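Engineer: Following this message is one structure expressed as structure tokens.
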Amino acid sequence: MTQATLLALLRQARTRYTQREIAEHVGKDTKTVRRWEKADTPCPAMLGPALRALLATGNSGTGVGGIAAAPSRFQFIDLFAGIGGIRMGFEAQGGECVFTSEWNEFSKKTYLENYGSRHSFIGDIVSFPADDVPAHDILLGGFPCQPFSIAGVSKKNALGRPHGFECTTQGTLFFDVARIIAAKRPAAFLLENVKNLLSHDKGRTFDVILQTLRDELGYEVHYRVVDGQHFTPQHRERIIIVGFRGKSNFSWDDLRLPTEGPRLGSILHRTDGKEPVLPWDGDRFFDHAARRIQPKYTLTPKLWAYLQHYAEKHRAAGNGFGFGMAYPDSVTRTLSARYHKDGSEILVHQGKGLRPRRLTPRECARLMGFPDTFRIPVSDTQAYRQFGNSVVMPVVQEVARIMAPHVEALLSGSGALDDTPQDVALVA
């Protein structure tokens, strides 16, 4: 989202809300909002969805924080929803969620805290009849990536366990996506997974996915690997698979990817007295009176000594394994679901001679592009897992932006829509 767009949203908001009301909604102070309006300082792109939600009126839904969501341009379902990162990106472009599936109870708690429960919310999609899924225009699904990720494959190999489509607990969940597409025939879909999906099993896994989507289901399919560092200070490559039920002029060239993304300092807690006081966080992550990150996020002497020894051992062996030190001008490594264990992939430097610290869960939320209005109602351990498994929300929002016109064209009849029912046998 460009700075011009954010300024336009702010000016619209000021016609209906005071600076104080805007500040309270986005978790900032009135002086900061005033500086944004004057363009003295840039308004963070991650606040775009929150500003859009504040402005939206006229529909029955509510967005993050109980604020009305944007008027509906299309309806979608949210499968393997996690904490709703994909949903948030599509809501920002005027989508309305009509069905959600997420089996993890902790993720469900975070999801419901932020989005409410205005429609059917089910657990495991595997046993749910496809015919009972409501009609929708777009199917969204970040189907589990562990069977295809580099770390997941390595771990399963070490344990002698199957991975990819042979992993019966997770790898075959793609086929549950396919059976719902076959039954409901949405105008479009978006699927997200790790970059390694392309090369898994020498490319055969991805070939099966493309064959299913293109040949068996008859969708026009486009895919691209997008790095989240265009929008947040994190190197996070993910494959985005987009499909349309008919001919479209969709092109990845329409993506607006900033050439120079933000740096880590932009998402870290402010120790200069300007850290926003978020009522839903309080002092859980940051001690506002002392202007410091809570001490529990600094590594213990024992853990820090272990990580240094581990890194030195691998350096001596000629390997590249070890912790990743991050500085305010850094772009970090990929945040993983195991971050709660030792935080080693992203350690924040705190000064010469001082032990580094983990990111706080609020900083992890910002690293994934979630606005400060997003509430974190679970333990730190669960929060780290949830953000490590989520998507860089602004990436999805940008893909949703270029998808939406093509979906609307298909729905209005100006596109070549294929309504032919599919009678396919989808076998994992």
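Chain labels run A, B, ... following the order of the structure tokens; each chain numbers its residues from 1, and ligands are numbered from 1 in the order shown.
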Could you pull out the strand (DSSP E) residues of range 101-317 of chain A from DSSP and send them as JSON, numbers by chain?
Structural biologist: {"A": [101, 120, 121, 122, 138, 139, 140, 141, 188, 189, 190, 191, 192, 193, 194, 220, 221, 222, 223, 224, 225, 226, 227, 237, 238, 239, 240, 241, 242, 243, 244, 246, 247, 286, 287, 292, 293]}
Engineer: Between A:Phe80, A:Arg357, A:Val33, A:Ile240, which has the minimum distance to Leu9 in chain A (counting only C-alpha atoms)?
Structural biologist: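 Result for the nearest residue to Leu9 in chain A: A:Val33.
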Engineer: So that I can check the secondary structure, give me every residue of range 284-359 of chain A assigned alpha helix (DSSP H) by backbone DSSP, as an MDAnalysis selection string.
Structural biologist: chainID A and resid 301:316 339:342
Engineer: For the selection just defined, write its residues with N, CA and C atoms to a file, as a PDB file, in the first residue's frame.
Structural biologist:
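Final output, saved to part29.pdb:
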```pdb
ATOM      1  N   PRO A 301      21.811 -16.695  30.684  1.00  0.00           N
ATOM      2  CA  PRO A 301      23.234 -16.965  30.437  1.00  0.00           C
ATOM      3  C   PRO A 301      23.480 -18.382  29.921  1.00  0.00           C
ATOM      4  N   LYS A 302      22.736 -19.358  30.448  1.00  0.00           N
ATOM      5  CA  LYS A 302      22.931 -20.749  30.043  1.00  0.00           C
ATOM      6  C   LYS A 302      22.537 -20.960  28.580  1.00  0.00           C
ATOM      7  N   LEU A 303      21.386 -20.420  28.174  1.00  0.00           N
ATOM      8  CA  LEU A 303      20.938 -20.599  26.797  1.00  0.00           C
ATOM      9  C   LEU A 303      21.850 -19.866  25.824  1.00  0.00           C
ATOM     10  N   TRP A 304      22.273 -18.671  26.177  1.00  0.00           N
ATOM     11  CA  TRP A 304      23.155 -17.900  25.303  1.00  0.00           C
ATOM     12  C   TRP A 304      24.500 -18.608  25.130  1.00  0.00           C
ATOM     13  N   ALA A 305      25.034 -19.191  26.209  1.00  0.00           N
ATOM     14  CA  ALA A 305      26.288 -19.931  26.124  1.00  0.00           C
ATOM     15  C   ALA A 305      26.124 -21.163  25.230  1.00  0.00           C
ATOM     16  N   TYR A 306      24.991 -21.837  25.366  1.00  0.00           N
ATOM     17  CA  TYR A 306      24.729 -23.024  24.543  1.00  0.00           C
ATOM     18  C   TYR A 306      24.666 -22.657  23.061  1.00  0.00           C
ATOM     19  N   LEU A 307      23.956 -21.589  22.720  1.00  0.00           N
ATOM     20  CA  LEU A 307      23.806 -21.210  21.318  1.00  0.00           C
ATOM     21  C   LEU A 307      25.143 -20.789  20.708  1.00  0.00           C
ATOM     22  N   GLN A 308      25.978 -20.105  21.491  1.00  0.00           N
ATOM     23  CA  GLN A 308      27.300 -19.719  20.993  1.00  0.00           C
ATOM     24  C   GLN A 308      28.173 -20.947  20.760  1.00  0.00           C
ATOM     25  N   HIS A 309      28.116 -21.897  21.684  1.00  0.00           N
ATOM     26  CA  HIS A 309      28.896 -23.130  21.540  1.00  0.00           C
ATOM     27  C   HIS A 309      28.407 -23.926  20.326  1.00  0.00           C
ATOM     28  N   TYR A 310      27.110 -24.012  20.144  1.00  0.00           N
ATOM     29  CA  TYR A 310      26.530 -24.736  19.020  1.00  0.00           C
ATOM     30  C   TYR A 310      26.979 -24.130  17.690  1.00  0.00           C
ATOM     31  N   ALA A 311      26.925 -22.798  17.607  1.00  0.00           N
ATOM     32  CA  ALA A 311      27.342 -22.119  16.376  1.00  0.00           C
ATOM     33  C   ALA A 311      28.828 -22.325  16.109  1.00  0.00           C
ATOM     34  N   GLU A 312      29.659 -22.257  17.147  1.00  0.00           N
ATOM     35  CA  GLU A 312      31.099 -22.425  16.987  1.00  0.00           C
ATOM     36  C   GLU A 312      31.428 -23.844  16.535  1.00  0.00           C
ATOM     37  N   LYS A 313      30.741 -24.828  17.073  1.00  0.00           N
ATOM     38  CA  LYS A 313      30.966 -26.220  16.694  1.00  0.00           C
ATOM     39  C   LYS A 313      30.709 -26.421  15.198  1.00  0.00           C
ATOM     40  N   HIS A 314      29.638 -25.812  14.687  1.00  0.00           N
ATOM     41  CA  HIS A 314      29.306 -25.973  13.270  1.00  0.00           C
ATOM     42  C   HIS A 314      30.225 -25.146  12.376  1.00  0.00           C
ATOM     43  N   ARG A 315      30.672 -24.003  12.862  1.00  0.00           N
ATOM     44  CA  ARG A 315      31.648 -23.220  12.083  1.00  0.00           C
ATOM     45  C   ARG A 315      32.931 -24.007  11.912  1.00  0.00           C
ATOM     46  N   ALA A 316      33.375 -24.667  12.978  1.00  0.00           N
ATOM     47  CA  ALA A 316      34.599 -25.459  12.920  1.00  0.00           C
ATOM     48  C   ALA A 316      34.467 -26.627  11.943  1.00  0.00           C
ATOM     49  N   TYR A 339       9.989 -21.005  17.129  1.00  0.00           N
ATOM     50  CA  TYR A 339      10.696 -19.854  17.703  1.00  0.00           C
ATOM     51  C   TYR A 339      10.629 -19.835  19.226  1.00  0.00           C
ATOM     52  N   HIS A 340       9.552 -20.389  19.776  1.00  0.00           N
ATOM     53  CA  HIS A 340       9.394 -20.385  21.234  1.00  0.00           C
ATOM     54  C   HIS A 340      10.463 -21.208  21.937  1.00  0.00           C
ATOM     55  N   LYS A 341      11.121 -22.127  21.220  1.00  0.00           N
ATOM     56  CA  LYS A 341      12.075 -23.024  21.880  1.00  0.00           C
ATOM     57  C   LYS A 341      13.341 -22.309  22.327  1.00  0.00           C
ATOM     58  N   ASP A 342      13.976 -21.552  21.417  1.00  0.00           N
ATOM     59  CA  ASP A 342      15.187 -20.830  21.818  1.00  0.00           C
ATOM     60  C   ASP A 342      15.333 -19.476  21.127  1.00  0.00           C
TER      61      ASP A 342
END
```
Engineer: Taking into account only C-alpha atoms, which residue in the set A:Leu112, A:Thr373, A:Leu191, A:Met403 is nearest to Ile22 in chain A?
Structural biologist: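 Closest to Ile22 in chain A, using only C-alpha atoms: A:Thr373.
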Engineer: Taking only C-alpha atoms into account, which of A:Thr298, A:Gln229, A:Thr271, A:Gln211 comes nearest Pro258 in chain A?
Structural biologist: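 Checking each candidate against Pro258 in chain A, we get A:Gln229 as the closest.
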Engineer: I'd like the contact shell of Val399 in chain A - 10 Å cut-off, only C-alpha atoms, skipping same-chain residues fewer than 3 positions apart - returned as a ChimeraX atom specification.
Structural biologist: /A:89-90,93,190,226,240,242,252,254-256,394-396,402-404
Engineer: Could you give me, as a VMD selection string, the residues within 10 Å of Asp272 in chain A, counting only C-alpha atoms and dropping anything in the same chain fewer than 2 positions from it?
Structural biologist: chain A and resid 269 to 270 274 to 275 291 to 292
Engineer: Identify, on the basis of only C-alpha atoms, every residue whose closest approach to Thr110 in chain A does not exceed 8 Å; exclude the query and any residue fewer than 5 positions from it along the same chain; express the result as an MDAnalysis selection string.
Structural biologist: chainID A and resid 83 375:378
Engineer: Any chance you can output those residues with N, CA and C atoms as a tab-separated table (two decimals), in the first residue's frame?
Structural biologist:
```
chain	number	residue	atom	x	y	z
A	83	ILE	N	-4.61	-18.11	12.24
A	83	ILE	CA	-5.09	-16.93	12.95
A	83	ILE	C	-5.65	-15.87	12.00
A	375	ARG	N	-5.27	-8.71	18.46
A	375	ARG	CA	-5.14	-9.13	19.85
A	375	ARG	C	-4.48	-10.50	19.96
A	376	ILE	N	-3.70	-10.68	21.03
A	376	ILE	CA	-2.96	-11.93	21.26
A	376	ILE	C	-3.44	-12.51	22.59
A	377	PRO	N	-4.49	-13.35	22.57
A	377	PRO	CA	-5.09	-13.84	23.81
A	377	PRO	C	-4.49	-15.13	24.35
A	378	VAL	N	-3.44	-15.64	23.71
A	378	VAL	CA	-2.86	-16.93	24.11
A	378	VAL	C	-1.49	-16.73	24.73
```
Engineer: Using only C-alpha atoms, can you tell me which of A:Asp329, A:Ala289, A:Asp215, A:Asp29 comes closest to Pro276 in chain A?
Structural biologist: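 Looking at the shortest contact to Pro276 in chain A, the residue is A:Asp29.
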Engineer: For a test of reading the model, state the distance in Å between CA of Leu47 in chain A and CA of Pro371 in chain A, rounded to one decimal.
Structural biologist: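 Computing it gives 5.5 Å between the two atoms.
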Engineer: At what distance in Å, to one decimal, does CA of Leu354 in chain A lie from CA of Gln294 in chain A?
Structural biologist: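 These two atoms are separated by 14.9 Å.
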Engineer: Mind checking which residues fall within 8 Å of Leu173 in chain A, counting only C-alpha atoms, ignoring those fewer than 6 positions away in the same chain, and posting them as a ChimeraX atom specification?
Structural biologist: /A:126,143-144
Engineer: Please save C-alpha atoms of the selected residues as a PDB file, in the first residue's frame.
Structural biologist:
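Just written: result07.pdb:
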```pdb
ATOM      1  CA  VAL A 126     -11.307 -33.834   6.473  1.00  0.00           C
ATOM      2  CA  PHE A 143      -2.822 -25.908   3.625  1.00  0.00           C
ATOM      3  CA  PRO A 144      -0.240 -27.347   6.068  1.00  0.00           C
TER       4      PRO A 144
END
```
Engineer: Do you know which residues are at most 8 Å from Thr30 in chain A counting only C-alpha atoms, after dropping those on the same chain fewer than 6 positions away, and could you put them as a PyMOL selection string?
Structural biologist: chain A and resi 19-20+22-23
Engineer: Write to file, as a compact mmCIF listing (two decimals), in the first residue's frame, the residues of the selection just made, with C-alpha atoms.
Structural biologist:
```txt
# COMPACT_ATOMS: atom_id res chain seq x y z
CA GLN A 19 -7.57 12.24 15.76
CA ARG A 20 -8.00 10.73 19.20
CA ILE A 22 -8.20 7.20 15.05
CA ALA A 23 -5.23 6.99 17.40
```
